[in-house]
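Okay, so here's the structure we're looking at.
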Amino acid sequence: MTARVVLTGASGFVGKAVLAALIEQGADVMALSRRRPDVKGPFAWRPCDLLDAGSAEEALRGVETDVLVHAAWTVEHGKFWTAPANLDWVGASLRLLRLAAETGVRRFVGLGTCFEYGWPDDGNCDERSTALEPATLYAASKDATRRVAERFCLTNDISFAWARLFFLYGQGEARTRLVPALALAMLEGLPARIDSGRAVRDFMDVGDAGRALAGLALSGTTGSVNVASGQGASIGEIAGMVADIIGRPDLVSVGALPDRVGEGRRCVASTSRLVEEVGFAPQSSLRQGLERAVEHWRGQVRSGAGD
């Protein structure tokens, strides 16, 4: 039987990747977003502003839903950490879940963040054992949404899963984020400035993340699940790899920026649940994903869209 999936935030950086993967896996998808997603394949779309209660109710009216994948949130780069809109999204997310439950939804998959964890210096972030210590309004809002949504689902016999995303990159991300900022600078022949480059992070191609999230949505796996590569790479290694792909290692400027205050030196995921229970296997190595990202930004520069 074909799964009927409602996907929010379908035109966003992550949402588009999830939509493409759900279509690829044969789901019957209703995409909800403020603008129509630029994604190939068969899917239905309804315009929706989830911060408007009436808009959300109208979008879900008459929609029979098996699975709700909630990817919408405030994500303006550099601002979402402390944005008051995080409070609005907590309420909107829980209201959406209640509306979906009234339409007969049987499974809810929400998107969280690795910033919900207190990052251990000597191990990986594990869903079962790593302490939750959200240190920003964004992370605390995500964690609060998870706690209430999980209890609501348990009370109403709805299957619940919470995907904690780590460090994603790829086509469609804000140009001020790490990989685009590095690539665009070097493609223009400018210095690619980074801090000491020692911080280790778990980077994952957004296409792989979309496939992981679609797999989770269509599985029976419940609880919190890390969506990540399970491999760590330092910021310096990422910069060096992008420079090597472009052929301009001379442009990497290490130490030109200060290290971020208050962030742990290491954030890498344990992915045993994603691999063993969801059955996910990435299609791209870090190098392959970065090569695609660089090619995308090269095309943007050539067309003038990178400005």
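Ordering of the structure tokens sets the chain letters (A, B, ...), residue numbers begin anew at 1 in every chain, and ligands are numbered from 1 in the order given.
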
Under the rule of at most 12 Å, produce a per-residue listing of region 91-130 of chain A near region 195-203 of chain A: chain, number, name, the closest pair of atoms, and the distance in Å, as a Markdown table, using only C-alpha atoms.
```
| residue | atom | partner | partner_atom | distance |
| --- | --- | --- | --- | --- |
| A:Cys114 | CA | A:Asp202 | CA | 9.8 |
| A:Phe115 | CA | A:Arg201 | CA | 11.8 |
| A:Trp119 | CA | A:Arg201 | CA | 10.7 |
| A:Pro120 | CA | A:Val200 | CA | 11.8 |
| A:Asp121 | CA | A:Val200 | CA | 10.2 |
| A:Asp122 | CA | A:Val200 | CA | 11.6 |
| A:Gly123 | CA | A:Val200 | CA | 11.8 |
| A:Asn124 | CA | A:Asp202 | CA | 9.9 |
| A:Cys125 | CA | A:Asp202 | CA | 10.4 |
```

Within 10 Å of region 82-106 of chain A, which residues of region 155-242 of chain A come that close, and what is the closest atom pair and distance in Å for each? Count only C-alpha atoms and give it as JSON lines.
```
{"residue": "A:Asn156", "atom": "CA", "partner": "A:Ala101", "partner_atom": "CA", "distance": 8.0}
{"residue": "A:Asp157", "atom": "CA", "partner": "A:Arg106", "partner_atom": "CA", "distance": 7.7}
{"residue": "A:Ile158", "atom": "CA", "partner": "A:Arg106", "partner_atom": "CA", "distance": 5.0}
{"residue": "A:Ser159", "atom": "CA", "partner": "A:Arg106", "partner_atom": "CA", "distance": 6.1}
{"residue": "A:Phe160", "atom": "CA", "partner": "A:Arg106", "partner_atom": "CA", "distance": 8.8}
```

Measuring between only C-alpha atoms, which one of A:Leu178, A:Arg35, A:Arg164, A:Arg211 shows the shortest distance to Leu22 (chain A)?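 Residue with the minimum atom-to-atom distance to Leu22 (chain A): A:Arg211.
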
Please determine, counting only C-alpha atoms, which residue among A:Ala31, A:Ser224, A:Ala243, A:Leu184 has the shortest atom-to-atom distance to Thr130 (chain A). A:Ser224

Mind the document's chain letters and residue numbers, and return as number ranges by chain the residues of region 149-187 of chain A that DSSP labels strand (DSSP E). A: 159-165, 167-169

Could you save those same residues with N, CA and C atoms as an mmCIF file, in the first residue's frame?
```cif
data_model
loop_
_atom_site.group_PDB
_atom_site.id
_atom_site.type_symbol
_atom_site.label_atom_id
_atom_site.label_comp_id
_atom_site.auth_asym_id
_atom_site.auth_seq_id
_atom_site.Cartn_x
_atom_site.Cartn_y
_atom_site.Cartn_z
ATOM 1 N N SER A 159 2.596 6.734 16.011
ATOM 2 C CA SER A 159 4.015 6.399 15.961
ATOM 3 C C SER A 159 4.826 7.690 15.869
ATOM 4 N N PHE A 160 5.907 7.780 16.669
ATOM 5 C CA PHE A 160 6.663 9.026 16.761
ATOM 6 C C PHE A 160 8.141 8.788 16.508
ATOM 7 N N ALA A 161 8.740 9.641 15.671
ATOM 8 C CA ALA A 161 10.189 9.612 15.460
ATOM 9 C C ALA A 161 10.704 11.045 15.403
ATOM 10 N N TRP A 162 11.929 11.238 15.887
ATOM 11 C CA TRP A 162 12.546 12.563 15.943
ATOM 12 C C TRP A 162 13.939 12.461 15.348
ATOM 13 N N ALA A 163 14.138 13.131 14.205
ATOM 14 C CA ALA A 163 15.411 13.062 13.477
ATOM 15 C C ALA A 163 16.299 14.221 13.891
ATOM 16 N N ARG A 164 17.435 13.920 14.497
ATOM 17 C CA ARG A 164 18.368 14.980 14.875
ATOM 18 C C ARG A 164 19.389 15.157 13.748
ATOM 19 N N LEU A 165 19.304 16.299 13.065
ATOM 20 C CA LEU A 165 20.187 16.584 11.943
ATOM 21 C C LEU A 165 21.509 17.148 12.439
ATOM 22 N N PHE A 167 25.435 18.324 10.490
ATOM 23 C CA PHE A 167 25.904 19.447 9.672
ATOM 24 C C PHE A 167 25.714 19.123 8.184
ATOM 25 N N LEU A 168 24.668 19.681 7.601
ATOM 26 C CA LEU A 168 24.331 19.389 6.211
ATOM 27 C C LEU A 168 24.910 20.455 5.278
ATOM 28 N N TYR A 169 25.210 20.029 4.075
ATOM 29 C CA TYR A 169 25.682 20.943 3.038
ATOM 30 C C TYR A 169 25.129 20.454 1.710
#
```

For Ala72 (chain A), please output as an MDAnalysis selection string all residues within 8 Å (counting only C-alpha atoms; exclusion window: fewer than 2 positions along the same chain). chainID A and resid 8:10 12 15 70 74

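The smallest atom-to-atom distance between Pro191 (chain A) and any of A:Glu116, A:Asp143, A:Asp250, A:Glu277, using only C-alpha atoms, is found for A:Asp250.
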
For region 59-69 of chain A, please output as a list in words all residues within 6 Å (counting only C-alpha atoms; exclusion window: fewer than 3 positions along the same chain).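 So, after excluding close chain neighbours, the residues are Arg4, Val5, Val6, Leu7, Ala56, Val105, Arg106, Arg107, Phe108 and Val109 of chain A.
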
Residues of region 25-170 of chain A in helix (DSSP H, G or I) according to DSSP, as a PyMOL selection string? chain A and resi 53-60+85-102+114-116+137-155

Residue among A:Ala139, A:Val148, A:Val39, A:Leu251 lying closest to Val75 (chain A), counting only C-alpha atoms: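 Of A:Ala139, A:Val148, A:Val39, A:Leu251, the one nearest Val75 (chain A) is A:Ala139, counting only C-alpha atoms.
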
Given only C-alpha atoms as the counted atoms, nearest of A:Gly170, A:Arg34, A:Ala214, A:Glu127 to Leu51 (chain A): A:Arg34

Kindly give the distance, in Å, that separates CA of Gly236 (chain A) and CA of Val254 (chain A), rounded to a single decimal.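 That distance, rounded to one decimal, is 7.6 Å.
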
List the spatial neighbours of Val242 (chain A) as a list in words - criterion: any atom at most 8 Å away, only C-alpha atoms, same-chain residues fewer than 2 positions off excluded.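 With the cut-off at 8 Å, the set is Val179, Leu182, Ala183, Ile238, Ala239, Gly240, Asp244, Ile245, Ile246, Leu290, Glu291 and Val294 of chain A.
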
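Across A:Thr155, A:Thr271, A:Gln171, A:Thr136, the tightest approach to Ala212 (chain A) is made by A:Thr271 when counting only C-alpha atoms.
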
Extract, using only C-alpha atoms, all DNA, RNA and protein residues at most 12 Å from Glu188 (chain A), discarding same-chain residues fewer than 6 positions from it, and format them as a list in words.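 The residues that qualify are Pro180, Ala181, Leu182, Ile246, Arg248, Leu251, Trp297, Arg298, Gln300, Val301, Arg302, Gly304, Gly306 and Asp307 of chain A.
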